[in-house]
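Reproduced below: my_file18.pdb, with PDB, C-alpha atoms.
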ATOM      1  CA  ASP A  13      25.894   1.447  -6.627
ATOM      2  CA  VAL A  14      22.851   3.705  -6.847
ATOM      3  CA  ALA A  15      19.373   2.247  -7.009
ATOM      4  CA  THR A  16      16.936   4.145  -9.201
ATOM      5  CA  HIS A  17      13.215   4.229  -8.468
ATOM      6  CA  VAL A  18      10.360   6.156 -10.035
ATOM      7  CA  ILE A  19       8.067   8.125  -7.722
ATOM      8  CA  ALA A  20       4.830   9.072  -9.432
ATOM      9  CA  PRO A  21       1.401  10.406  -8.368
ATOM     10  CA  ALA A  22      -1.160   7.706  -7.711
ATOM     11  CA  ALA A  23      -3.537   9.029 -10.387
ATOM     12  CA  GLU A  24      -0.856   8.616 -13.069
ATOM     13  CA  LEU A  25       0.049   5.101 -11.967
ATOM     14  CA  HIS A  26      -3.603   4.032 -11.943
ATOM     15  CA  LYS A  27      -3.862   5.168 -15.569
ATOM     16  CA  ASP A  28      -0.478   3.790 -16.637
ATOM     17  CA  PRO A  29       0.870   1.167 -14.191
ATOM     18  CA  LEU A  30       4.656   0.869 -13.844
ATOM     19  CA  PRO A  31       6.048  -2.188 -12.033
ATOM     20  CA  GLY A  32       8.234  -1.238  -9.089
ATOM     21  CA  ALA A  33       7.163   2.405  -9.051
ATOM     22  CA  VAL A  34       6.680   4.193  -5.740
ATOM     23  CA  THR A  35       3.165   5.597  -5.440
ATOM     24  CA  MET A  36       2.860   9.174  -4.205
ATOM     25  CA  HIS A  37      -0.226  10.310  -2.283
ATOM     26  CA  THR A  38      -0.746  13.479  -0.285
ATOM     27  CA  LEU A  39      -1.152  12.911   3.431
ATOM     28  CA  ARG A  40      -4.761  14.046   3.305
ATOM     29  CA  GLU A  41      -5.514  11.607   0.459
ATOM     30  CA  CYS A  42      -4.067   8.794   2.551
ATOM     31  CA  LEU A  43      -6.092   9.713   5.613
ATOM     32  CA  ALA A  44      -9.298   9.972   3.575
ATOM     33  CA  ALA A  45      -8.648   6.540   2.056
ATOM     34  CA  GLN A  46      -7.934   5.087   5.501
ATOM     35  CA  ALA A  47     -11.284   6.387   6.729
ATOM     36  CA  ASN A  48     -13.026   4.699   3.802
ATOM     37  CA  GLY A  49     -11.659   1.198   4.152
ATOM     38  CA  GLY A  50      -7.948   1.537   3.418
ATOM     39  CA  LEU A  51      -5.459   2.674   0.802
ATOM     40  CA  THR A  52      -4.990   0.599  -2.350
ATOM     41  CA  LEU A  53      -1.803   1.018  -4.368
ATOM     42  CA  PRO A  54      -1.844   0.859  -8.174
ATOM     43  CA  GLN A  55      -1.005  -2.391  -9.948
ATOM     44  CA  GLY A  56       2.700  -3.219  -9.718
ATOM     45  CA  SER A  57       3.459  -0.725  -6.954
ATOM     46  CA  THR A  58       4.372  -1.990  -3.505
ATOM     47  CA  ARG A  59       5.695   1.155  -1.840
ATOM     48  CA  LEU A  60       4.214   4.447  -0.727
ATOM     49  CA  ALA A  61       5.565   8.001  -0.644
ATOM     50  CA  VAL A  62       3.465  10.488   1.328
ATOM     51  CA  GLN A  63       3.580  14.155   0.406
ATOM     52  CA  VAL A  64       3.284  16.703   3.224
ATOM     53  CA  ASP A  65       2.911  20.408   2.388
ATOM     54  CA  GLY A  66       3.257  21.991   5.834
ATOM     55  CA  SER A  67      -0.354  23.121   6.102
ATOM     56  CA  GLU A  68      -1.522  19.956   7.873
ATOM     57  CA  SER A  69      -2.614  20.030  11.480
ATOM     58  CA  ILE A  70      -0.516  18.447  14.203
ATOM     59  CA  GLU A  71      -3.084  15.635  14.398
ATOM     60  CA  GLU A  72      -2.825  14.972  10.655
ATOM     61  CA  VAL A  73       0.988  14.810  10.746
ATOM     62  CA  ALA A  74       0.837  12.526  13.782
ATOM     63  CA  ALA A  75      -1.452  10.198  11.796
ATOM     64  CA  LEU A  76       1.572   9.247   9.646
ATOM     65  CA  LYS A  77       2.169   6.667  12.341
ATOM     66  CA  GLN A  78      -0.852   4.764  11.000
ATOM     67  CA  LEU A  79       0.543   4.586   7.454
ATOM     68  CA  SER A  80       3.160   2.206   6.095
ATOM     69  CA  ALA A  81       4.969   4.903   4.163
ATOM     70  CA  ASP A  82       8.483   4.288   2.856
ATOM     71  CA  VAL A  83       9.304   7.992   2.608
ATOM     72  CA  VAL A  84       7.773  11.382   3.345
ATOM     73  CA  LEU A  85       8.216  14.106   0.720
ATOM     74  CA  LEU A  86       8.130  17.471   2.484
ATOM     75  CA  ASN A  87       7.054  19.883  -0.234
ATOM     76  CA  VAL A  88       5.944  23.060   1.551
ATOM     77  CA  ARG A  89       3.293  24.797  -0.489
ATOM     78  CA  GLU A  90       3.780  28.236  -1.970
ATOM     79  CA  GLY A  91       2.916  31.056   0.379
ATOM     80  CA  THR A  92       3.988  29.145   3.487
ATOM     81  CA  GLN A  93       7.251  29.935   5.275
ATOM     82  CA  ARG A  94       9.246  26.802   4.487
ATOM     83  CA  PHE A  95      11.741  26.964   7.337
ATOM     84  CA  HIS A  96       9.198  27.300  10.132
ATOM     85  CA  ALA A  97       6.615  24.973   8.556
ATOM     86  CA  SER A  98       9.286  22.290   8.134
ATOM     87  CA  ARG A  99      10.410  22.602  11.762
ATOM     88  CA  ARG A 100       6.820  22.236  12.935
ATOM     89  CA  VAL A 101       6.474  19.009  10.941
ATOM     90  CA  PHE A 102       9.711  17.602  12.338
ATOM     91  CA  GLU A 103       8.765  18.524  15.901
ATOM     92  CA  THR A 104       5.566  16.502  15.500
ATOM     93  CA  LEU A 105       7.376  13.540  13.947
ATOM     94  CA  GLN A 106       9.900  13.485  16.778
ATOM     95  CA  ARG A 107       7.274  13.853  19.487
ATOM     96  CA  GLU A 108       5.236  10.984  18.011
ATOM     97  CA  GLY A 109       8.278   8.754  17.500
ATOM     98  CA  ILE A 110       7.767   8.558  13.718
ATOM     99  CA  ASN A 111      11.026   7.523  12.037
ATOM    100  CA  THR A 112       9.957   7.486   8.387
ATOM    101  CA  PRO A 113      12.716   9.073   6.224
ATOM    102  CA  VAL A 114      11.886  12.621   5.154
ATOM    103  CA  VAL A 115      13.133  14.071   1.862
ATOM    104  CA  HIS A 116      12.915  17.822   1.314
ATOM    105  CA  HIS A 117      11.193  18.423  -2.041
ATOM    106  CA  ILE A 118      11.749  21.908  -3.426
ATOM    107  CA  SER A 119      10.553  23.218  -6.802
ATOM    108  CA  PHE A 120      11.826  26.160  -8.838
ATOM    109  CA  PRO A 121       9.922  27.844 -11.683
ATOM    110  CA  GLU A 122      11.231  28.175 -15.201
ATOM    111  CA  GLY A 123      13.930  30.809 -15.499
ATOM    112  CA  THR A 124      15.148  30.737 -11.885
ATOM    113  CA  PRO A 125      18.844  31.820 -11.978
ATOM    114  CA  ARG A 126      21.321  29.178 -10.869
ATOM    115  CA  ASP A 127      22.749  31.371  -8.130
ATOM    116  CA  GLU A 128      19.290  31.869  -6.660
ATOM    117  CA  LEU A 129      18.582  28.130  -6.803
ATOM    118  CA  VAL A 130      21.839  27.245  -5.053
ATOM    119  CA  ILE A 131      21.643  29.986  -2.409
ATOM    120  CA  TYR A 132      18.002  29.335  -1.518
ATOM    121  CA  THR A 133      18.457  25.576  -1.370
ATOM    122  CA  GLY A 134      21.627  25.856   0.686
ATOM    123  CA  SER A 135      20.304  28.405   3.171
ATOM    124  CA  ILE A 136      16.856  26.889   3.740
ATOM    125  CA  ILE A 137      17.230  23.148   3.132
ATOM    126  CA  GLY A 138      20.866  23.142   4.259
ATOM    127  CA  GLY A 139      19.902  24.919   7.473
ATOM    128  CA  LEU A 140      17.436  22.126   8.245
ATOM    129  CA  LEU A 141      19.756  19.277   7.258
ATOM    130  CA  VAL A 142      22.650  20.468   9.435
ATOM    131  CA  ASP A 143      20.249  20.361  12.386
ATOM    132  CA  GLY A 144      19.472  16.729  11.592
ATOM    133  CA  LEU A 145      16.045  17.538  10.149
ATOM    134  CA  GLY A 146      15.717  15.463   7.001
ATOM    135  CA  ASP A 147      17.292  12.573   5.149
ATOM    136  CA  GLY A 148      17.668  13.892   1.612
ATOM    137  CA  VAL A 149      16.749  16.496  -0.974
ATOM    138  CA  LEU A 150      14.737  16.409  -4.187
ATOM    139  CA  ILE A 151      15.298  19.474  -6.377
ATOM    140  CA  ASP A 152      12.666  19.995  -9.058
ATOM    141  CA  ALA A 153      14.065  22.340 -11.719
ATOM    142  CA  PRO A 154      12.910  21.114 -15.156
ATOM    143  CA  HIS A 155      14.701  23.963 -16.940
ATOM    144  CA  GLU A 156      18.107  22.843 -15.615
ATOM    145  CA  ASP A 157      20.254  19.975 -16.846
ATOM    146  CA  LEU A 158      20.583  16.819 -14.772
ATOM    147  CA  GLU A 159      24.317  17.287 -14.138
ATOM    148  CA  PHE A 160      23.815  20.684 -12.485
ATOM    149  CA  VAL A 161      20.875  19.547 -10.352
ATOM    150  CA  SER A 162      22.686  16.368  -9.301
ATOM    151  CA  SER A 163      25.860  18.286  -8.439
ATOM    152  CA  THR A 164      23.860  20.798  -6.411
ATOM    153  CA  SER A 165      21.992  18.027  -4.578
ATOM    154  CA  PHE A 166      25.067  16.019  -3.671
ATOM    155  CA  GLY A 167      27.008  19.182  -2.826
ATOM    156  CA  LEU A 168      24.263  20.137  -0.373
ATOM    157  CA  LEU A 169      24.418  16.712   1.271
ATOM    158  CA  GLN A 170      28.202  16.932   1.490
ATOM    159  CA  GLY A 171      28.094  20.415   2.981
ATOM    160  CA  SER A 172      25.573  19.143   5.544
ATOM    161  CA  ARG A 173      27.930  16.232   6.375
ATOM    162  CA  MET A 174      25.283  13.701   5.401
ATOM    163  CA  ARG A 175      26.895  11.992   2.438
ATOM    164  CA  LEU A 176      30.459  12.364   1.183
ATOM    165  CA  THR A 177      30.653  11.897  -2.583
ATOM    166  CA  LYS A 178      33.715  14.015  -3.365
ATOM    167  CA  THR A 179      36.776  15.590  -1.777
ATOM    168  CA  ASP A 180      36.089  18.144   0.936
ATOM    169  CA  TYR A 181      38.003  21.424   0.707
ATOM    170  CA  VAL A 182      38.680  24.042   3.366
ATOM    171  CA  SER A 183      40.105  27.393   2.357
ATOM    172  CA  CYS A 184      40.828  30.686   4.058
ATOM    173  CA  PRO A 185      39.066  33.809   2.710
ATOM    174  CA  SER A 186      42.393  35.333   1.576
ATOM    175  CA  CYS A 187      43.897  38.571   2.870
ATOM    176  CA  GLY A 188      46.996  40.719   2.529
ATOM    177  CA  ARG A 189      49.143  37.965   4.057
ATOM    178  CA  THR A 190      48.223  35.401   1.380
ATOM    179  CA  LEU A 191      51.411  34.204  -0.289
ATOM    180  CA  PHE A 192      49.978  32.780  -3.525
ATOM    181  CA  ASP A 193      46.960  33.067  -5.813
ATOM    182  CA  LEU A 194      44.471  31.249  -3.605
ATOM    183  CA  GLN A 195      41.771  30.713  -6.218
ATOM    184  CA  GLU A 196      44.173  29.510  -8.900
ATOM    185  CA  VAL A 197      45.986  27.103  -6.602
ATOM    186  CA  THR A 198      42.771  25.758  -5.093
ATOM    187  CA  ASP A 199      41.476  25.071  -8.603
ATOM    188  CA  GLN A 200      44.710  23.244  -9.500
ATOM    189  CA  ILE A 201      44.461  21.094  -6.384
ATOM    190  CA  ARG A 202      40.770  20.426  -7.013
ATOM    191  CA  GLN A 203      41.490  19.219 -10.544
ATOM    192  CA  ARG A 204      44.096  16.757  -9.249
ATOM    193  CA  THR A 205      42.295  15.536  -6.124
ATOM    194  CA  GLY A 206      38.554  16.054  -6.651
ATOM    195  CA  HIS A 207      37.845  12.308  -6.901
ATOM    196  CA  LEU A 208      38.713  11.399  -3.294
ATOM    197  CA  PRO A 209      35.470  11.178  -1.268
ATOM    198  CA  GLY A 210      36.127  11.206   2.469
ATOM    199  CA  VAL A 211      39.389  13.154   2.154
ATOM    200  CA  ALA A 212      39.522  16.745   3.461
ATOM    201  CA  ILE A 213      42.195  19.096   2.058
ATOM    202  CA  ALA A 214      42.868  22.582   3.422
ATOM    203  CA  VAL A 215      44.382  25.330   1.275
ATOM    204  CA  MET A 216      45.625  28.214   3.422
ATOM    205  CA  GLY A 217      47.345  31.386   2.261
ATOM    206  CA  CYS A 218      49.723  31.805   5.206
ATOM    207  CA  ILE A 219      50.845  30.257   8.487
ATOM    208  CA  VAL A 220      49.352  32.977  10.703
ATOM    209  CA  ASN A 221      45.843  31.536  10.931
ATOM    210  CA  GLY A 222      46.115  28.634   8.500
ATOM    211  CA  PRO A 223      47.046  25.773  10.871
ATOM    212  CA  GLY A 224      44.254  26.694  13.275
ATOM    213  CA  GLU A 225      41.586  27.064  10.601
ATOM    214  CA  MET A 226      42.461  23.738   8.961
ATOM    215  CA  ALA A 227      42.551  21.702  12.173
ATOM    216  CA  ASP A 228      39.935  19.207  10.954
ATOM    217  CA  ALA A 229      41.501  18.608   7.523
ATOM    218  CA  ASP A 230      43.388  15.443   6.621
ATOM    219  CA  PHE A 231      45.983  17.287   4.538
ATOM    220  CA  GLY A 232      47.051  20.917   4.426
ATOM    221  CA  TYR A 233      48.664  23.145   1.777
ATOM    222  CA  VAL A 234      49.919  26.300   3.481
ATOM    223  CA  GLY A 235      51.920  29.287   2.284
ATOM    224  CA  GLY A 236      55.048  29.309   4.472
ATOM    225  CA  ALA A 237      57.088  32.041   2.762
ATOM    226  CA  PRO A 238      57.071  33.826  -0.600
ATOM    227  CA  GLY A 239      57.261  31.066  -3.226
ATOM    228  CA  LYS A 240      57.387  28.345  -0.555
ATOM    229  CA  ILE A 241      54.717  25.910   0.637
ATOM    230  CA  ASP A 242      54.418  23.807   3.798
ATOM    231  CA  LEU A 243      52.499  20.519   3.635
ATOM    232  CA  TYR A 244      50.626  19.154   6.636
ATOM    233  CA  VAL A 245      49.067  15.869   7.649
ATOM    234  CA  GLY A 246      46.497  16.771  10.239
ATOM    235  CA  LYS A 247      48.137  19.381  12.453
ATOM    236  CA  GLU A 248      51.688  18.202  11.811
ATOM    237  CA  VAL A 249      54.066  19.780   9.288
ATOM    238  CA  ILE A 250      55.473  16.978   7.128
ATOM    239  CA  LYS A 251      57.274  18.994   4.443
ATOM    240  CA  ARG A 252      58.449  22.578   4.855
ATOM    241  CA  GLY A 253      59.648  25.175   2.341
ATOM    242  CA  ILE A 254      58.669  23.292  -0.840
ATOM    243  CA  PRO A 255      58.948  25.310  -4.070
ATOM    244  CA  HIS A 256      55.520  26.510  -5.126
ATOM    245  CA  GLU A 257      55.987  25.027  -8.612
ATOM    246  CA  THR A 258      56.192  21.435  -7.329
ATOM    247  CA  ALA A 259      53.961  21.688  -4.245
ATOM    248  CA  CYS A 260      50.800  20.337  -5.901
ATOM    249  CA  ASP A 261      52.673  17.246  -7.151
ATOM    250  CA  GLN A 262      54.150  16.699  -3.712
ATOM    251  CA  LEU A 263      50.716  17.055  -2.090
ATOM    252  CA  VAL A 264      49.424  14.275  -4.338
ATOM    253  CA  GLN A 265      52.422  12.125  -3.414
ATOM    254  CA  LEU A 266      51.812  12.816   0.271
ATOM    255  CA  ILE A 267      48.223  11.634  -0.053
ATOM    256  CA  LYS A 268      49.531   8.468  -1.745
ATOM    257  CA  ASP A 269      52.154   7.935   0.973
ATOM    258  CA  TYR A 270      49.439   7.991   3.648
ATOM    259  CA  GLY A 271      47.231   5.508   1.812
ATOM    260  CA  ARG A 272      44.381   7.899   0.979
ATOM    261  CA  TRP A 273      44.841   7.997  -2.793
ATOM    262  CA  VAL A 274      42.792   6.189  -5.408
ATOM    263  CA  GLU A 275      43.255   6.538  -9.131
ATOM    264  CA  PRO A 276      40.606   8.687 -10.846
ATOM    265  CA  PRO A 277      38.012   6.710 -12.814
ATOM    266  CA  ALA A 278      38.422   6.407 -16.554
ATOM    267  CA  GLU A 279      36.302   8.736 -18.669
ATOM    268  CA  GLU A 280      33.908   5.978 -19.694
ATOM    269  CA  GLU A 281      33.408   4.946 -16.047
ATOM    270  CA  ARG A 282      32.669   8.530 -15.055
ATOM    271  CA  GLY A 283      30.054   8.689 -17.790
ATOM    272  CA  ALA A 284      28.397   5.519 -16.569
ATOM    273  CA  GLU A 285      28.348   6.797 -13.004
ATOM    274  CA  GLY A 286      26.854  10.075 -14.135
ATOM    275  CA  ASN A 287      23.945   8.200 -15.690
ATOM    276  CA  LYS A 288      23.163   6.631 -12.312
ATOM    277  CA  GLU A 289      22.956   9.883 -10.389
ATOM    278  CA  LEU A 290      19.529  10.949  -9.197
ATOM    279  CA  VAL A 291      18.026  14.396  -9.089
ATOM    280  CA  GLY A 292      16.699  13.417  -5.674
ATOM    281  CA  SER A 293      19.597  12.636  -3.338
ATOM    282  CA  THR A 294      19.599  10.938   0.019
TER     283      THR A 294
END
Please re-express this file's structure in C-alpha cells.
Amino acid sequence: DVATHVIAPAAELHKDPLPGAVTMHTLRECLAAQANGGLTLPQGSTRLAVQVDGSESIEEVAALKQLSADVVLLNVREGTQRFHASRRVFETLQREGINTPVVHHISFPEGTPRDELVIYTGSIIGGLLVDGLGDGVLIDAPHEDLEFVSSTSFGLLQGSRMRLTKTDYVSCPSCGRTLFDLQEVTDQIRQRTGHLPGVAIAVMGCIVNGPGEMADADFGYVGGAPGKIDLYVGKEVIKRGIPHETACDQLVQLIKDYGRWVEPPAEEERGAEGNKELVGST
C-alpha cells in the first residue's frame, strides 16, 4: 500500500486549507517565525515539511533540531553546485544528530530531454543516495507524464539499493565471445520476469567472465556454447546445455522451483497500482 499526501506551500494552504496536507515552509521562514513567537500551521494541517536550498549557513541548518519537521526537502537553488551543497547540508545534519528524513527535490524546466533528466538525476542524486545521503527523491518535471517520472524515481531508488519495486537485472556489456543476442534475450527475460521485486537475474553472454560478474544474482542465464544456455542458482550450475529456444521458459520454471515466483498482477490491478504511485518516492 502507498499512502498519498499533498505537500503544499504554507501561503497556498492559508488561502485554501486542505485537511491532512503537509505544510511546506523554507527553513528561513521557520526560523523567522520561531523568533517571533512560533510557527503556526494552516487550518487542517498537522505536519511540516522544511525546504532547504543549500545556501543556508551551518548555524541555520543546525537549527533544524529546534523544529518538529516531518521531512526536509533539499531543493538546491539554481546557480549552486548541488553535489557539494548537498554534502555540506548532510555533514551538518550528521554532526548535530538530526535524523529528520531528507528527500532530494530536483526540478527540470519545460523541454528538458528525457535522457538528460535521467542521466542528471542518476549521476547527482544517485551519487548521494548510494552514499547513504538522503531518504527519497522528488522529481519535478511538469512537462513529463506521471508514468515516466514515477518509473524514473523508483528506478533510481532501486539502483541505489534503497527500495526494491521490480526485478533487478545484471548483464555483461557484450563482446566478441557473446553467444546470443544479449539485448533481445534480456528483453525477453524482462518481459517474463519483470514483476518479481527482490529477485536478481543475471544475463551473461558467455562462461568466461559471466559466473564471476553475476556472483550476487539469485539466478543466472549464461551462454555455455553456440545455441546452448546454462542456468545458475547463485554460483551453482543447475541446468547445462539447454537449447536456446526453450531456455527462457526453463528459467521461469527454475524460479518457480526455488519458490521465488509470483504470478503477474492482472491488467486491472496493475492500473490500480499505477494510480497509487507518487512522483516523489521514498
Could you write out as a list in words the residues that the PyMOL selection byres ((chain A and resi 49-64) around 7) matches in the shown file?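 On this input, the PyMOL selection byres ((chain A and resi 49-64) around 7) captures Ala22, Leu25, His26, Pro29, Leu30, Pro31, Gly32, Ala33, Val34, Thr35, Met36, His37, Thr38, Leu39, Cys42, Ala45, Gln46, Ala47, Asn48, Asp65, Gly66, Ala81, Asp82, Val83, Val84, Leu85, Leu86 and Asn87 of chain A.
Applied to the file shown here, the PyMOL selection byres ((chain A and resi 256-264) around 9) selects A:Phe192, A:Val197, A:Gln200, A:Ile201, A:Arg204, A:Thr205, A:Phe231, A:Gly232, A:Tyr233, A:Gly235, A:Pro238, A:Gly239, A:Lys240, A:Ile241, A:Asp242, A:Leu243, A:Tyr244, A:Gly253, A:Ile254, A:Pro255, A:Gln265, A:Leu266, A:Ile267, A:Lys268, A:Asp269, A:Trp273.
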Point-to-point distance in Å for atom CA of A:Ile219 and atom CA of A:Lys251: 13.6 Å
Please determine, counting all atoms listed in the file, which residue among A:Gly246, A:Leu169, A:Tyr132, A:Val18 has the shortest atom-to-atom distance to A:Gly222.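 For A:Gly222, the nearest of the candidates is A:Gly246.
Residue nearest A:Asp143, chosen from A:Phe120, A:Phe160, A:Tyr181, A:Phe102 and counting only C-alpha atoms: A:Phe102.
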Using the chain letters and numbering of this document, enumerate as a PyMOL selection string the residues selected by the PyMOL selection byres ((chain A and resi 127-131) around 12). chain A and resi 118-126+132-139+151-153+155-156+160-168
In Å to one decimal, how far is atom CA of A:Val101 from atom CA of A:Val73?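 Spanning atom CA of A:Val73 to atom CA of A:Val101 is a straight-line distance of 6.9 Å.
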Who sits within 12 Å of A:Leu145, all atoms listed in the file, same chain under 2 positions skipped, as a short mmCIF file (atom, residue, chain, number, x, y, z; two decimals) with C-alpha atoms, in the frame of the given file:
data_model
loop_
_atom_site.label_atom_id
_atom_site.label_comp_id
_atom_site.auth_asym_id
_atom_site.auth_seq_id
_atom_site.Cartn_x
_atom_site.Cartn_y
_atom_site.Cartn_z
CA LEU A 86 8.13 17.47 2.48
CA PHE A 95 11.74 26.96 7.34
CA HIS A 96 9.20 27.30 10.13
CA SER A 98 9.29 22.29 8.13
CA ARG A 99 10.41 22.60 11.76
CA ARG A 100 6.82 22.24 12.94
CA VAL A 101 6.47 19.01 10.94
CA PHE A 102 9.71 17.60 12.34
CA GLU A 103 8.76 18.52 15.90
CA THR A 104 5.57 16.50 15.50
CA LEU A 105 7.38 13.54 13.95
CA GLN A 106 9.90 13.48 16.78
CA ASN A 111 11.03 7.52 12.04
CA THR A 112 9.96 7.49 8.39
CA PRO A 113 12.72 9.07 6.22
CA VAL A 114 11.89 12.62 5.15
CA VAL A 115 13.13 14.07 1.86
CA HIS A 116 12.92 17.82 1.31
CA ILE A 136 16.86 26.89 3.74
CA ILE A 137 17.23 23.15 3.13
CA GLY A 138 20.87 23.14 4.26
CA GLY A 139 19.90 24.92 7.47
CA LEU A 140 17.44 22.13 8.24
CA LEU A 141 19.76 19.28 7.26
CA VAL A 142 22.65 20.47 9.44
CA ASP A 143 20.25 20.36 12.39
CA ASP A 147 17.29 12.57 5.15
CA GLY A 148 17.67 13.89 1.61
CA VAL A 149 16.75 16.50 -0.97
CA SER A 172 25.57 19.14 5.54
CA MET A 174 25.28 13.70 5.40
#
Pick from A:Gly188, A:Pro209, A:Gly109, A:Gly91, whichever lies nearest to A:Ala75 using all atoms listed in the file: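 Under the stated criterion, the closest residue is A:Gly109.
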Can you put all heavy atoms back into stretch 73-80 of chain A and show it as a compact mmCIF listing (two decimals), in the coordinates of the input?
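Final file, result37.txt:
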# COMPACT_ATOMS: atom_id res chain seq x y z
N VAL A 73 -0.42 15.26 10.86
CA VAL A 73 0.99 14.81 10.75
C VAL A 73 1.22 13.61 11.65
O VAL A 73 1.88 12.63 11.26
CB VAL A 73 1.95 15.95 11.09
CG1 VAL A 73 3.40 15.45 11.09
CG2 VAL A 73 1.80 17.11 10.11
N ALA A 74 0.67 13.64 12.85
CA ALA A 74 0.84 12.53 13.78
C ALA A 74 0.23 11.24 13.23
O ALA A 74 0.67 10.14 13.56
CB ALA A 74 0.20 12.87 15.13
N ALA A 75 -0.79 11.37 12.37
CA ALA A 75 -1.45 10.20 11.80
C ALA A 75 -0.55 9.43 10.82
O ALA A 75 -0.90 8.32 10.40
CB ALA A 75 -2.74 10.61 11.09
N LEU A 76 0.61 10.00 10.47
CA LEU A 76 1.57 9.25 9.65
C LEU A 76 1.95 7.93 10.30
O LEU A 76 2.34 6.97 9.63
CB LEU A 76 2.84 10.08 9.41
CG LEU A 76 2.79 11.10 8.28
CD1 LEU A 76 3.94 12.08 8.39
CD2 LEU A 76 2.82 10.39 6.93
N LYS A 77 1.84 7.89 11.61
CA LYS A 77 2.17 6.67 12.34
C LYS A 77 1.28 5.50 11.90
O LYS A 77 1.68 4.34 11.98
CB LYS A 77 2.03 6.91 13.84
CG LYS A 77 2.47 5.75 14.72
CD LYS A 77 2.29 6.07 16.20
CE LYS A 77 3.24 7.14 16.67
NZ LYS A 77 3.18 7.34 18.15
N GLN A 78 0.08 5.80 11.41
CA GLN A 78 -0.85 4.76 11.00
C GLN A 78 -0.57 4.24 9.59
O GLN A 78 -1.15 3.23 9.17
CB GLN A 78 -2.28 5.31 11.04
CG GLN A 78 -2.70 5.91 12.37
CD GLN A 78 -4.00 6.68 12.26
OE1 GLN A 78 -4.74 6.54 11.28
NE2 GLN A 78 -4.28 7.52 13.25
N LEU A 79 0.28 4.93 8.85
CA LEU A 79 0.54 4.59 7.45
C LEU A 79 1.86 3.83 7.32
O LEU A 79 2.80 4.05 8.08
CB LEU A 79 0.60 5.85 6.60
CG LEU A 79 -0.63 6.76 6.66
CD1 LEU A 79 -0.37 8.05 5.87
CD2 LEU A 79 -1.86 6.05 6.13
N SER A 80 1.92 2.96 6.35
CA SER A 80 3.16 2.21 6.10
C SER A 80 3.94 2.89 4.97
O SER A 80 4.21 2.29 3.92
CB SER A 80 2.82 0.76 5.73
OG SER A 80 2.14 0.13 6.78
